[in-house]
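Enquirer: Contents of upload.csv (CSV, C-alpha atoms):
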```csv
chain,number,residue,atom,x,y,z
Z,1,MET,CA,-47.9,51.7,62.3
Z,2,VAL,CA,-50.9,51.2,60.0
Z,3,HIS,CA,-54.2,51.4,61.7
Z,4,ALA,CA,-55.1,47.7,61.2
Z,5,ASP,CA,-52.2,46.7,63.4
Z,6,ALA,CA,-54.1,48.0,66.4
Z,7,SER,CA,-56.4,44.9,66.0
Z,8,ASN,CA,-53.5,42.5,66.2
Z,9,PHE,CA,-53.2,40.9,69.6
Z,10,ALA,CA,-50.3,38.6,70.5
Z,11,SER,CA,-51.3,35.0,71.2
Z,12,GLY,CA,-50.9,33.9,74.8
Z,13,VAL,CA,-51.8,37.2,76.4
Z,14,THR,CA,-54.1,37.1,79.4
Z,15,LYS,CA,-57.6,38.7,79.3
Z,16,GLU,CA,-56.3,41.6,81.5
Z,17,GLU,CA,-53.5,42.2,79.0
Z,18,ALA,CA,-55.8,42.1,76.0
Z,19,TYR,CA,-58.2,44.6,77.6
Z,20,GLU,CA,-55.2,46.8,78.6
Z,21,GLN,CA,-54.2,46.8,74.9
Z,22,VAL,CA,-57.8,47.7,73.9
Z,23,LEU,CA,-57.8,50.6,76.3
Z,24,MET,CA,-54.4,51.8,75.2
Z,25,GLN,CA,-55.2,51.6,71.5
Z,26,ALA,CA,-58.6,53.2,72.0
Z,27,GLU,CA,-57.0,56.1,73.8
Z,28,GLY,CA,-54.6,56.6,70.9
Z,29,LEU,CA,-57.4,56.3,68.3
Z,30,PHE,CA,-59.6,58.8,70.1
Z,31,TYR,CA,-56.9,61.4,70.3
Z,32,GLU,CA,-58.2,64.6,68.6
Z,33,GLN,CA,-61.1,62.6,67.2
Z,34,ARG,CA,-64.5,63.0,69.1
Z,35,ASN,CA,-66.9,61.7,66.5
Z,36,TRP,CA,-68.9,59.0,68.3
Z,37,VAL,CA,-69.7,56.9,65.2
Z,38,CYS,CA,-66.0,56.7,64.2
Z,39,ASN,CA,-64.8,56.0,67.7
Z,40,LEU,CA,-67.4,53.3,68.4
Z,41,ALA,CA,-66.7,51.6,65.1
Z,42,ASN,CA,-63.0,51.3,65.9
Z,43,ALA,CA,-63.7,50.3,69.5
Z,44,ALA,CA,-66.0,47.4,68.3
Z,45,SER,CA,-63.2,46.2,66.1
Z,46,LEU,CA,-60.7,46.3,68.9
Z,47,LEU,CA,-63.0,44.4,71.3
Z,48,TRP,CA,-63.8,41.7,68.6
Z,49,HIS,CA,-60.2,41.0,67.8
Z,50,ALA,CA,-59.2,41.0,71.5
Z,51,TYR,CA,-61.7,38.3,72.3
Z,52,HIS,CA,-60.8,36.2,69.3
Z,53,SER,CA,-57.1,36.2,70.4
Z,54,LEU,CA,-58.0,34.7,73.8
Z,55,PRO,CA,-58.7,31.1,74.9
Z,56,PRO,CA,-62.3,29.8,75.6
Z,57,PRO,CA,-64.8,31.1,76.5
Z,58,SER,CA,-63.7,34.5,75.3
Z,59,ASN,CA,-63.0,33.4,71.8
Z,60,ALA,CA,-66.6,32.3,71.5
Z,61,VAL,CA,-67.7,35.9,71.5
Z,62,ASN,CA,-70.2,36.2,68.6
Z,63,TRP,CA,-71.2,39.9,68.8
Z,64,ALA,CA,-69.4,43.0,70.1
Z,65,GLY,CA,-70.7,46.5,69.6
Z,66,PHE,CA,-72.9,49.3,70.7
Z,67,TYR,CA,-76.4,50.6,71.0
Z,68,VAL,CA,-76.9,54.3,71.4
Z,69,LEU,CA,-79.8,56.5,72.6
Z,70,ASP,CA,-82.2,56.8,69.7
Z,71,PRO,CA,-82.4,60.6,69.0
Z,72,SER,CA,-85.8,60.0,67.5
Z,73,SER,CA,-87.3,58.6,70.7
Z,74,PRO,CA,-89.0,61.0,73.2
Z,75,PRO,CA,-87.5,61.2,76.7
Z,76,GLU,CA,-90.5,59.6,78.3
Z,77,LYS,CA,-90.2,56.6,75.9
Z,78,SER,CA,-86.5,56.3,75.4
Z,79,GLN,CA,-85.1,53.5,73.2
Z,80,LEU,CA,-81.7,52.3,72.1
Z,81,ILE,CA,-80.8,52.1,68.4
Z,82,LEU,CA,-78.2,49.9,66.8
Z,83,GLY,CA,-74.7,51.4,66.5
Z,84,PRO,CA,-71.4,50.1,65.1
Z,85,PHE,CA,-70.7,46.5,65.8
Z,86,GLN,CA,-68.9,43.4,64.6
Z,87,GLY,CA,-70.8,40.1,64.2
Z,88,LYS,CA,-74.1,39.1,62.6
Z,89,VAL,CA,-77.1,41.3,61.8
Z,90,ALA,CA,-78.8,42.7,65.0
Z,91,CYS,CA,-82.1,44.1,66.3
Z,92,GLN,CA,-82.4,47.7,65.3
Z,93,THR,CA,-84.2,49.2,68.4
Z,94,ILE,CA,-84.6,48.1,72.0
Z,95,ALA,CA,-86.9,49.9,74.5
Z,96,PHE,CA,-85.3,51.1,77.8
Z,97,GLY,CA,-86.1,48.4,80.3
Z,98,ARG,CA,-86.4,45.6,77.8
Z,99,GLY,CA,-84.0,42.6,77.8
Z,100,VAL,CA,-80.4,42.8,79.0
Z,101,CYS,CA,-79.5,45.9,77.0
Z,102,GLY,CA,-82.7,47.8,77.9
Z,103,THR,CA,-82.2,47.0,81.6
Z,104,ALA,CA,-78.6,48.2,81.6
Z,105,ALA,CA,-79.8,51.4,79.9
Z,106,ALA,CA,-82.8,52.0,82.2
Z,107,GLU,CA,-80.9,51.2,85.4
Z,108,ALA,CA,-77.6,52.8,84.3
Z,109,ARG,CA,-76.0,49.6,85.7
Z,110,THR,CA,-73.8,46.9,84.2
Z,111,GLN,CA,-75.6,43.6,83.5
Z,112,LEU,CA,-73.4,40.5,83.8
Z,113,VAL,CA,-75.5,37.6,82.6
Z,114,PRO,CA,-73.9,34.1,82.7
Z,115,ASP,CA,-77.0,32.5,81.1
Z,116,VAL,CA,-79.2,34.6,78.9
Z,117,ASP,CA,-82.0,32.0,79.0
Z,118,ALA,CA,-82.4,32.7,82.7
Z,119,PHE,CA,-82.8,36.5,82.2
Z,120,PRO,CA,-86.4,37.6,82.2
Z,121,GLY,CA,-87.4,39.1,78.9
Z,122,HIS,CA,-84.1,38.3,77.1
Z,123,ILE,CA,-84.3,39.4,73.5
Z,124,ALA,CA,-82.8,36.8,71.2
Z,125,CYS,CA,-81.2,38.7,68.3
Z,126,ASP,CA,-79.1,35.6,67.7
Z,127,GLY,CA,-80.1,32.1,69.0
Z,128,ASP,CA,-76.5,31.2,69.3
Z,129,SER,CA,-75.9,33.7,72.1
Z,130,ARG,CA,-75.7,32.0,75.6
Z,131,SER,CA,-74.2,34.7,77.8
Z,132,GLU,CA,-73.9,38.5,77.7
Z,133,VAL,CA,-72.4,41.5,79.3
Z,134,VAL,CA,-73.8,45.0,78.9
Z,135,VAL,CA,-72.2,48.2,80.3
Z,136,PRO,CA,-73.8,51.6,80.1
Z,137,ILE,CA,-71.9,54.6,78.8
Z,138,VAL,CA,-72.9,57.4,81.2
Z,139,VAL,CA,-72.2,61.1,80.8
Z,140,ASP,CA,-72.5,63.6,83.8
Z,141,GLY,CA,-72.5,60.8,86.3
Z,142,SER,CA,-71.0,57.4,87.1
Z,143,VAL,CA,-71.9,53.8,86.3
Z,144,GLY,CA,-73.8,52.2,89.2
Z,145,GLU,CA,-74.6,55.6,90.9
Z,146,GLY,CA,-78.0,55.9,89.2
Z,147,LYS,CA,-77.1,59.4,88.1
Z,148,GLY,CA,-76.1,61.0,84.8
Z,149,LYS,CA,-77.5,60.2,81.4
Z,150,VAL,CA,-77.1,56.9,79.5
Z,151,VAL,CA,-76.0,57.9,76.0
Z,152,ALA,CA,-75.1,54.4,74.8
Z,153,ILE,CA,-74.3,50.8,75.9
Z,154,ILE,CA,-71.5,48.4,75.2
Z,155,ASP,CA,-73.0,45.0,74.4
Z,156,VAL,CA,-71.0,41.8,74.1
Z,157,ASP,CA,-72.5,38.4,73.4
Z,158,CYS,CA,-70.9,35.0,73.8
Z,159,ALA,CA,-71.9,31.6,72.3
Z,160,ALA,CA,-70.8,29.9,75.6
Z,161,VAL,CA,-72.5,30.0,78.9
Z,162,GLY,CA,-70.5,32.0,81.5
Z,163,GLY,CA,-68.6,33.8,78.8
Z,164,PHE,CA,-67.9,36.9,81.0
Z,165,ASP,CA,-66.8,37.5,84.6
Z,166,GLU,CA,-65.8,40.4,86.9
Z,167,VAL,CA,-62.6,41.0,84.9
Z,168,ASP,CA,-64.7,41.7,81.8
Z,169,GLN,CA,-67.0,44.0,83.8
Z,170,LEU,CA,-64.1,45.9,85.3
Z,171,TRP,CA,-62.4,46.6,81.9
Z,172,LEU,CA,-65.5,47.3,79.9
Z,173,GLU,CA,-66.6,49.8,82.6
Z,174,ARG,CA,-63.2,51.5,82.1
Z,175,LEU,CA,-63.8,51.5,78.4
Z,176,ALA,CA,-67.2,53.0,79.0
Z,177,VAL,CA,-65.6,55.8,81.0
Z,178,LEU,CA,-63.1,56.5,78.3
Z,179,LEU,CA,-65.8,56.6,75.6
Z,180,ALA,CA,-68.0,58.8,77.7
Z,181,LYS,CA,-65.3,61.5,77.9
Z,182,SER,CA,-63.8,61.0,74.5
Z,183,CYS,CA,-66.8,61.6,72.2
Z,184,TYR,CA,-69.3,64.3,71.5
Z,185,TRP,CA,-72.6,62.6,72.4
A,1,MET,CA,-86.7,34.7,62.1
A,2,VAL,CA,-84.2,36.2,64.5
A,3,HIS,CA,-82.1,39.0,63.1
A,4,ALA,CA,-78.8,37.2,63.0
A,5,ASP,CA,-80.2,34.7,60.5
A,6,ALA,CA,-80.1,37.4,57.9
A,7,SER,CA,-76.3,37.0,58.0
A,8,ASN,CA,-76.4,33.3,57.2
A,9,PHE,CA,-75.7,32.5,53.5
A,10,ALA,CA,-76.1,29.0,52.1
A,11,SER,CA,-72.9,27.5,51.0
A,12,GLY,CA,-72.5,27.0,47.2
A,13,VAL,CA,-74.4,30.1,46.2
A,14,THR,CA,-73.0,32.2,43.4
A,15,LYS,CA,-71.8,35.8,43.9
A,16,GLU,CA,-74.9,37.1,42.2
A,17,GLU,CA,-77.1,35.0,44.5
A,18,ALA,CA,-75.2,36.2,47.6
A,19,TYR,CA,-75.6,39.9,46.6
A,20,GLU,CA,-79.3,39.3,45.8
A,21,GLN,CA,-79.8,38.0,49.3
A,22,VAL,CA,-77.8,41.0,50.7
A,23,LEU,CA,-80.1,43.4,48.8
A,24,MET,CA,-83.3,41.6,49.8
A,25,GLN,CA,-82.3,41.4,53.5
A,26,ALA,CA,-81.2,45.0,53.5
A,27,GLU,CA,-84.5,46.1,52.1
A,28,GLY,CA,-86.3,44.2,54.8
A,29,LEU,CA,-84.1,45.6,57.6
A,30,PHE,CA,-84.5,49.2,56.3
A,31,TYR,CA,-88.3,49.0,56.3
A,32,GLU,CA,-89.5,51.8,58.6
A,33,GLN,CA,-86.0,52.4,59.8
A,34,ARG,CA,-84.1,55.4,58.3
A,35,ASN,CA,-81.3,55.9,60.8
A,36,TRP,CA,-78.2,55.8,58.8
A,37,VAL,CA,-75.9,54.5,61.6
A,38,CYS,CA,-78.2,51.6,62.3
A,39,ASN,CA,-78.7,50.7,58.6
A,40,LEU,CA,-75.0,51.0,57.6
A,41,ALA,CA,-74.1,48.8,60.6
A,42,ASN,CA,-76.4,46.0,59.5
A,43,ALA,CA,-75.4,46.5,55.8
A,44,ALA,CA,-71.7,46.0,56.7
A,45,SER,CA,-72.6,42.8,58.5
A,46,LEU,CA,-74.6,41.5,55.6
A,47,LEU,CA,-71.7,42.2,53.2
A,48,TRP,CA,-69.1,40.7,55.4
A,49,HIS,CA,-71.0,37.4,55.9
A,50,ALA,CA,-71.9,37.3,52.2
A,51,TYR,CA,-68.3,37.5,51.1
A,52,HIS,CA,-67.2,34.9,53.6
A,53,SER,CA,-69.7,32.4,52.3
A,54,LEU,CA,-68.2,32.6,48.8
A,55,PRO,CA,-65.2,30.8,47.2
A,56,PRO,CA,-61.9,32.7,46.6
A,57,PRO,CA,-61.2,35.5,46.0
A,58,SER,CA,-64.4,36.8,47.6
A,59,ASN,CA,-63.8,35.0,50.9
A,60,ALA,CA,-60.4,36.9,51.3
A,61,VAL,CA,-62.3,40.1,51.9
A,62,ASN,CA,-60.6,41.6,55.0
A,63,TRP,CA,-62.7,44.9,55.4
A,64,ALA,CA,-66.2,45.8,54.5
A,65,GLY,CA,-67.9,49.0,55.6
A,66,PHE,CA,-68.5,52.7,55.2
A,67,TYR,CA,-67.1,56.1,55.3
A,68,VAL,CA,-69.5,59.1,55.5
A,69,LEU,CA,-69.2,62.8,54.8
A,70,ASP,CA,-67.6,64.3,57.9
A,71,PRO,CA,-70.2,66.8,59.3
A,72,SER,CA,-67.3,68.8,60.9
A,73,SER,CA,-65.5,69.4,57.6
A,74,PRO,CA,-66.2,72.6,55.6
A,75,PRO,CA,-67.7,72.2,52.0
A,76,GLU,CA,-64.5,73.6,50.4
A,77,LYS,CA,-62.4,71.0,52.3
A,78,SER,CA,-64.7,68.0,52.5
A,79,GLN,CA,-63.5,64.8,54.2
A,80,LEU,CA,-64.8,61.4,54.8
A,81,ILE,CA,-65.0,60.0,58.4
A,82,LEU,CA,-65.1,56.3,59.4
A,83,GLY,CA,-68.6,54.8,59.7
A,84,PRO,CA,-69.8,51.3,60.7
A,85,PHE,CA,-67.6,48.4,59.4
A,86,GLN,CA,-66.5,44.8,59.9
A,87,GLY,CA,-62.8,44.0,60.0
A,88,LYS,CA,-59.7,45.5,61.6
A,89,VAL,CA,-59.3,49.0,62.9
A,90,ALA,CA,-59.3,51.6,60.1
A,91,CYS,CA,-58.2,55.2,59.3
A,92,GLN,CA,-60.5,57.7,60.9
A,93,THR,CA,-60.6,60.4,58.2
A,94,ILE,CA,-59.8,60.6,54.5
A,95,ALA,CA,-59.7,63.9,52.5
A,96,PHE,CA,-61.8,64.0,49.3
A,97,GLY,CA,-59.5,63.2,46.4
A,98,ARG,CA,-57.1,61.2,48.5
A,99,GLY,CA,-56.6,57.5,47.9
A,100,VAL,CA,-59.2,55.1,46.5
A,101,CYS,CA,-62.0,56.2,48.9
A,102,GLY,CA,-61.3,59.9,48.5
A,103,THR,CA,-61.2,59.6,44.7
A,104,ALA,CA,-64.6,57.8,44.6
A,105,ALA,CA,-66.0,60.6,46.8
A,106,ALA,CA,-64.5,63.5,44.9
A,107,GLU,CA,-65.5,62.1,41.5
A,108,ALA,CA,-68.8,60.5,42.6
A,109,ARG,CA,-67.7,57.5,40.6
A,110,THR,CA,-67.1,53.8,41.5
A,111,GLN,CA,-63.4,52.8,41.8
A,112,LEU,CA,-62.7,49.2,40.9
A,113,VAL,CA,-59.0,48.7,41.8
A,114,PRO,CA,-57.6,45.2,41.0
A,115,ASP,CA,-54.2,46.1,42.6
A,116,VAL,CA,-54.0,48.8,45.2
A,117,ASP,CA,-50.3,49.1,44.9
A,118,ALA,CA,-50.8,50.4,41.3
A,119,PHE,CA,-53.2,53.1,42.5
A,120,PRO,CA,-51.5,56.5,42.9
A,121,GLY,CA,-51.8,57.8,46.4
A,122,HIS,CA,-53.3,54.6,47.9
A,123,ILE,CA,-53.8,54.8,51.6
A,124,ALA,CA,-52.7,51.6,53.4
A,125,CYS,CA,-54.9,51.3,56.4
A,126,ASP,CA,-54.1,47.6,56.4
A,127,GLY,CA,-50.9,46.3,54.7
A,128,ASP,CA,-52.8,43.0,53.9
A,129,SER,CA,-55.2,44.7,51.5
A,130,ARG,CA,-54.4,44.0,47.8
A,131,SER,CA,-57.5,45.0,45.9
A,132,GLU,CA,-60.4,47.3,46.6
A,133,VAL,CA,-63.8,48.5,45.4
A,134,VAL,CA,-65.3,51.8,46.5
A,135,VAL,CA,-68.8,52.9,45.5
A,136,PRO,CA,-70.2,56.4,46.3
A,137,ILE,CA,-73.6,56.8,47.9
A,138,VAL,CA,-75.1,59.7,46.1
A,139,VAL,CA,-78.3,61.6,47.0
A,140,ASP,CA,-80.1,64.0,44.5
A,141,GLY,CA,-78.2,62.5,41.5
A,142,SER,CA,-76.8,59.2,40.2
A,143,VAL,CA,-73.5,57.4,40.4
A,144,GLY,CA,-71.3,58.2,37.4
A,145,GLU,CA,-73.3,61.2,36.3
A,146,GLY,CA,-71.1,63.6,38.3
A,147,LYS,CA,-74.3,65.2,39.8
A,148,GLY,CA,-75.8,65.0,43.3
A,149,LYS,CA,-74.1,65.0,46.6
A,150,VAL,CA,-71.9,62.2,47.9
A,151,VAL,CA,-73.0,61.5,51.5
A,152,ALA,CA,-71.0,58.3,52.0
A,153,ILE,CA,-69.0,55.5,50.3
A,154,ILE,CA,-69.2,51.7,50.4
A,155,ASP,CA,-65.6,50.4,50.8
A,156,VAL,CA,-64.6,46.8,50.5
A,157,ASP,CA,-61.0,45.5,50.7
A,158,CYS,CA,-59.6,42.1,49.7
A,159,ALA,CA,-56.4,40.4,50.7
A,160,ALA,CA,-56.2,38.9,47.2
A,161,VAL,CA,-55.2,40.8,44.0
A,162,GLY,CA,-58.2,41.1,41.7
A,163,GLY,CA,-60.8,40.5,44.4
A,164,PHE,CA,-63.5,42.4,42.7
A,165,ASP,CA,-65.1,42.5,39.2
A,166,GLU,CA,-68.0,44.1,37.3
A,167,VAL,CA,-70.4,41.8,39.2
A,168,ASP,CA,-69.3,43.4,42.5
A,169,GLN,CA,-69.5,46.8,41.0
A,170,LEU,CA,-73.1,46.3,39.6
A,171,TRP,CA,-74.5,44.9,42.9
A,172,LEU,CA,-72.7,47.4,45.2
A,173,GLU,CA,-74.0,50.2,43.1
A,174,ARG,CA,-77.5,48.8,43.6
A,175,LEU,CA,-76.9,48.7,47.3
A,176,ALA,CA,-75.7,52.3,47.2
A,177,VAL,CA,-78.9,53.3,45.5
A,178,LEU,CA,-81.0,51.5,48.1
A,179,LEU,CA,-79.0,53.1,51.0
A,180,ALA,CA,-79.3,56.6,49.4
A,181,LYS,CA,-83.1,56.4,49.4
A,182,SER,CA,-83.5,54.4,52.6
A,183,CYS,CA,-81.8,56.7,55.1
A,184,TYR,CA,-82.0,60.2,56.5
A,185,TRP,CA,-78.6,61.6,55.5
```
Would it be possible to restate this file's structure as C-alpha cells?
Expert:
Amino acid sequence: MVHADASNFASGVTKEEAYEQVLMQAEGLFYEQRNWVCNLANAASLLWHAYHSLPPPSNAVNWAGFYVLDPSSPPEKSQLILGPFQGKVACQTIAFGRGVCGTAAAEARTQLVPDVDAFPGHIACDGDSRSEVVVPIVVDGSVGEGKGKVVAIIDVDCAAVGGFDEVDQLWLERLAVLLAKSCYW
Amino acid sequence: MVHADASNFASGVTKEEAYEQVLMQAEGLFYEQRNWVCNLANAASLLWHAYHSLPPPSNAVNWAGFYVLDPSSPPEKSQLILGPFQGKVACQTIAFGRGVCGTAAAEARTQLVPDVDAFPGHIACDGDSRSEVVVPIVVDGSVGEGKGKVVAIIDVDCAAVGGFDEVDQLWLERLAVLLAKSCYW
C-alpha cells in the first residue's frame, strides 16, 4: 500500500469507525519512527481526511493539527508554538492559559467547546471557526489527572456550532496517549 | 487581520500574483519568528491555498510541503524526514539521492519533473501524483551552485502531467531563499 492510501476513508463509515482507522493507521506509521514532527504531520493528515469523509457537522472541520511546547519559552512563562496542521494559516504562538488551546495546556485537561464565542478569551485565528476541541498530549502522567508534562496539544476547529462531542473527546484522548508514547518529545 | 485570511487568495489572480502573495504573507508571518516547524507549517498552508485558487493544472496540486534533513541520520548516510505539509499521508523518510526529493537534496538543485513516471527511481507516495517540483533549501550557499548545506526541500506534487513550469521554479526558489534566512535550522 502506498502511504497516501492511509488517508482514504470509505464513505458511509461512522465517526467511531473513522477514528478507529485513524488510530490503526497512526500506530502503523509510528512503528520504528519516533520523530515528533514527522508523526504529527502524518497524524494531522489522517485526522483531516477522516473528518472530511464523515457527514455534517464533522465534514465542516476547517483546521486540524497541533501546537507544541515552545522550546524557546521559559518554564515560568510557557507558551505553545504552531506545529504541523492541515487548514488555513494559524497563530504562531499561544501563551499557556490563553484561549481554548492555552487553557487545555495549562490545565492538562481536554476542552470540548460547542460554541467558541461563549468561551472567555477565545483566540480567533479564523473567524469561520464556531466550535473546537483541544486535547493535551501529556508525558509522565495522564490527561485529566493534573500530573505530568504537557508537551503538545491536538487542536481541531469546526465551522459549525457543536462540531464535537464525547465520541471525539474519547478518540482524540486515545490518539494523544498514542502520540505521547510514540515520539521523542 | 486574523491569521487565516493570509490563506485567502482572490479568484482570477495569475500564478505570479498568487506566488507574490505567498512570499509577502510568508515574510510577514516569519517576522520575529524563526522556529522552522512553525514557519514551514504556515508556508505549506499558504502554498496549498494559493494553488487551489488557480486554474488548471495548478489547482490539481495534491501535496504541498516539506522534508527536512533527518537529525538522526549520519552525514555519510544523509536522509530526509517528513516535515509539515498539506495533503494525504506521506513517506516518512527518503535517502539522499533517491527519487525526485532525494535527488534535489543530494545535488542541491531544483528538480522540475513534468512526468514522474519518466523519472528514474521515482518514489510513489501517492499513485495520483503525475508531476512534481522539488526545490532545495540551502544555507551557507546558493541553489544550483552545488555549495552550502541542504537543510530541507520544498516538495509539491500535482495530479496532472506538466503541473509545473519555470514560473513555479522561479518563485519556489525565492521562497526557499526566504526560508533559508528566516529560520534557525
Enquirer: Near A:Asp117, within 10 Å and counting all atoms listed in the file, which residues show up once chain neighbours fewer than 3 positions away are dropped, as a JSON list (two decimals) with C-alpha atoms, in the coordinates of the input?
Expert:
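Just written: selection03.json:
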```json
[["chain", "number", "residue", "atom", "x", "y", "z"],
["A", 113, "VAL", "CA", -59.00, 48.70, 41.80],
["A", 114, "PRO", "CA", -57.60, 45.20, 41.00],
["A", 120, "PRO", "CA", -51.50, 56.50, 42.90],
["A", 121, "GLY", "CA", -51.80, 57.80, 46.40],
["A", 122, "HIS", "CA", -53.30, 54.60, 47.90],
["A", 123, "ILE", "CA", -53.80, 54.80, 51.60],
["A", 124, "ALA", "CA", -52.70, 51.60, 53.40],
["A", 129, "SER", "CA", -55.20, 44.70, 51.50],
["A", 130, "ARG", "CA", -54.40, 44.00, 47.80],
["A", 131, "SER", "CA", -57.50, 45.00, 45.90],
["A", 161, "VAL", "CA", -55.20, 40.80, 44.00]]
```
Enquirer: Contacts between chain Z and chain A, please, where a residue of chain A counts if it comes within 7 Å (with only C-alpha atoms); show its shortest atom pair and distance in Å to one decimal, rows by chain and ascending number, as a Markdown table.
Expert:
```
| residue | atom | partner | partner_atom | distance |
| --- | --- | --- | --- | --- |
| A:Val2 | CA | Z:Cys125 | CA | 5.4 |
| A:His3 | CA | Z:Cys125 | CA | 5.3 |
| A:Ala4 | CA | Z:Val89 | CA | 4.6 |
| A:Ala6 | CA | Z:Val89 | CA | 6.3 |
| A:Ser7 | CA | Z:Lys88 | CA | 5.5 |
| A:Val37 | CA | Z:Gly83 | CA | 5.9 |
| A:Cys38 | CA | Z:Leu82 | CA | 4.8 |
| A:Ala41 | CA | Z:Pro84 | CA | 5.4 |
| A:Asn42 | CA | Z:Val89 | CA | 5.3 |
| A:Ser45 | CA | Z:Lys88 | CA | 5.7 |
| A:Leu46 | CA | Z:Val89 | CA | 6.7 |
| A:Ile81 | CA | Z:Cys38 | CA | 6.7 |
| A:Leu82 | CA | Z:Cys38 | CA | 4.9 |
| A:Gly83 | CA | Z:Cys38 | CA | 5.5 |
| A:Pro84 | CA | Z:Pro84 | CA | 4.8 |
| A:Phe85 | CA | Z:Ala41 | CA | 6.6 |
| A:Gln86 | CA | Z:Gln86 | CA | 5.5 |
| A:Gly87 | CA | Z:Ser45 | CA | 6.5 |
| A:Lys88 | CA | Z:Ala4 | CA | 5.1 |
| A:Val89 | CA | Z:Ala4 | CA | 4.7 |
| A:Ala90 | CA | Z:His3 | CA | 5.3 |
| A:Cys91 | CA | Z:His3 | CA | 6.0 |
| A:Gln92 | CA | Z:Cys38 | CA | 6.5 |
| A:Ala124 | CA | Z:Val2 | CA | 6.9 |
| A:Cys125 | CA | Z:His3 | CA | 5.3 |
| A:Asp126 | CA | Z:Ala4 | CA | 4.9 |
```
Enquirer: Could you take the residues named above and write them with C-alpha atoms, as a PDB file, in the frame of the given file?
Expert:
```pdb
ATOM      1  CA  VAL A   2     -84.200  36.200  64.500  1.00  0.00           C
ATOM      2  CA  HIS A   3     -82.100  39.000  63.100  1.00  0.00           C
ATOM      3  CA  ALA A   4     -78.800  37.200  63.000  1.00  0.00           C
ATOM      4  CA  ALA A   6     -80.100  37.400  57.900  1.00  0.00           C
ATOM      5  CA  SER A   7     -76.300  37.000  58.000  1.00  0.00           C
ATOM      6  CA  VAL A  37     -75.900  54.500  61.600  1.00  0.00           C
ATOM      7  CA  CYS A  38     -78.200  51.600  62.300  1.00  0.00           C
ATOM      8  CA  ALA A  41     -74.100  48.800  60.600  1.00  0.00           C
ATOM      9  CA  ASN A  42     -76.400  46.000  59.500  1.00  0.00           C
ATOM     10  CA  SER A  45     -72.600  42.800  58.500  1.00  0.00           C
ATOM     11  CA  LEU A  46     -74.600  41.500  55.600  1.00  0.00           C
ATOM     12  CA  ILE A  81     -65.000  60.000  58.400  1.00  0.00           C
ATOM     13  CA  LEU A  82     -65.100  56.300  59.400  1.00  0.00           C
ATOM     14  CA  GLY A  83     -68.600  54.800  59.700  1.00  0.00           C
ATOM     15  CA  PRO A  84     -69.800  51.300  60.700  1.00  0.00           C
ATOM     16  CA  PHE A  85     -67.600  48.400  59.400  1.00  0.00           C
ATOM     17  CA  GLN A  86     -66.500  44.800  59.900  1.00  0.00           C
ATOM     18  CA  GLY A  87     -62.800  44.000  60.000  1.00  0.00           C
ATOM     19  CA  LYS A  88     -59.700  45.500  61.600  1.00  0.00           C
ATOM     20  CA  VAL A  89     -59.300  49.000  62.900  1.00  0.00           C
ATOM     21  CA  ALA A  90     -59.300  51.600  60.100  1.00  0.00           C
ATOM     22  CA  CYS A  91     -58.200  55.200  59.300  1.00  0.00           C
ATOM     23  CA  GLN A  92     -60.500  57.700  60.900  1.00  0.00           C
ATOM     24  CA  ALA A 124     -52.700  51.600  53.400  1.00  0.00           C
ATOM     25  CA  CYS A 125     -54.900  51.300  56.400  1.00  0.00           C
ATOM     26  CA  ASP A 126     -54.100  47.600  56.400  1.00  0.00           C
TER      27      ASP A 126
END
```
Enquirer: For atom CA of Z:Gly102 and atom CA of Z:Phe164, determine how far apart the two atoms are, in Å to one decimal place.
Expert: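 Atom CA of Z:Gly102 sits 18.6 Å away from atom CA of Z:Phe164.
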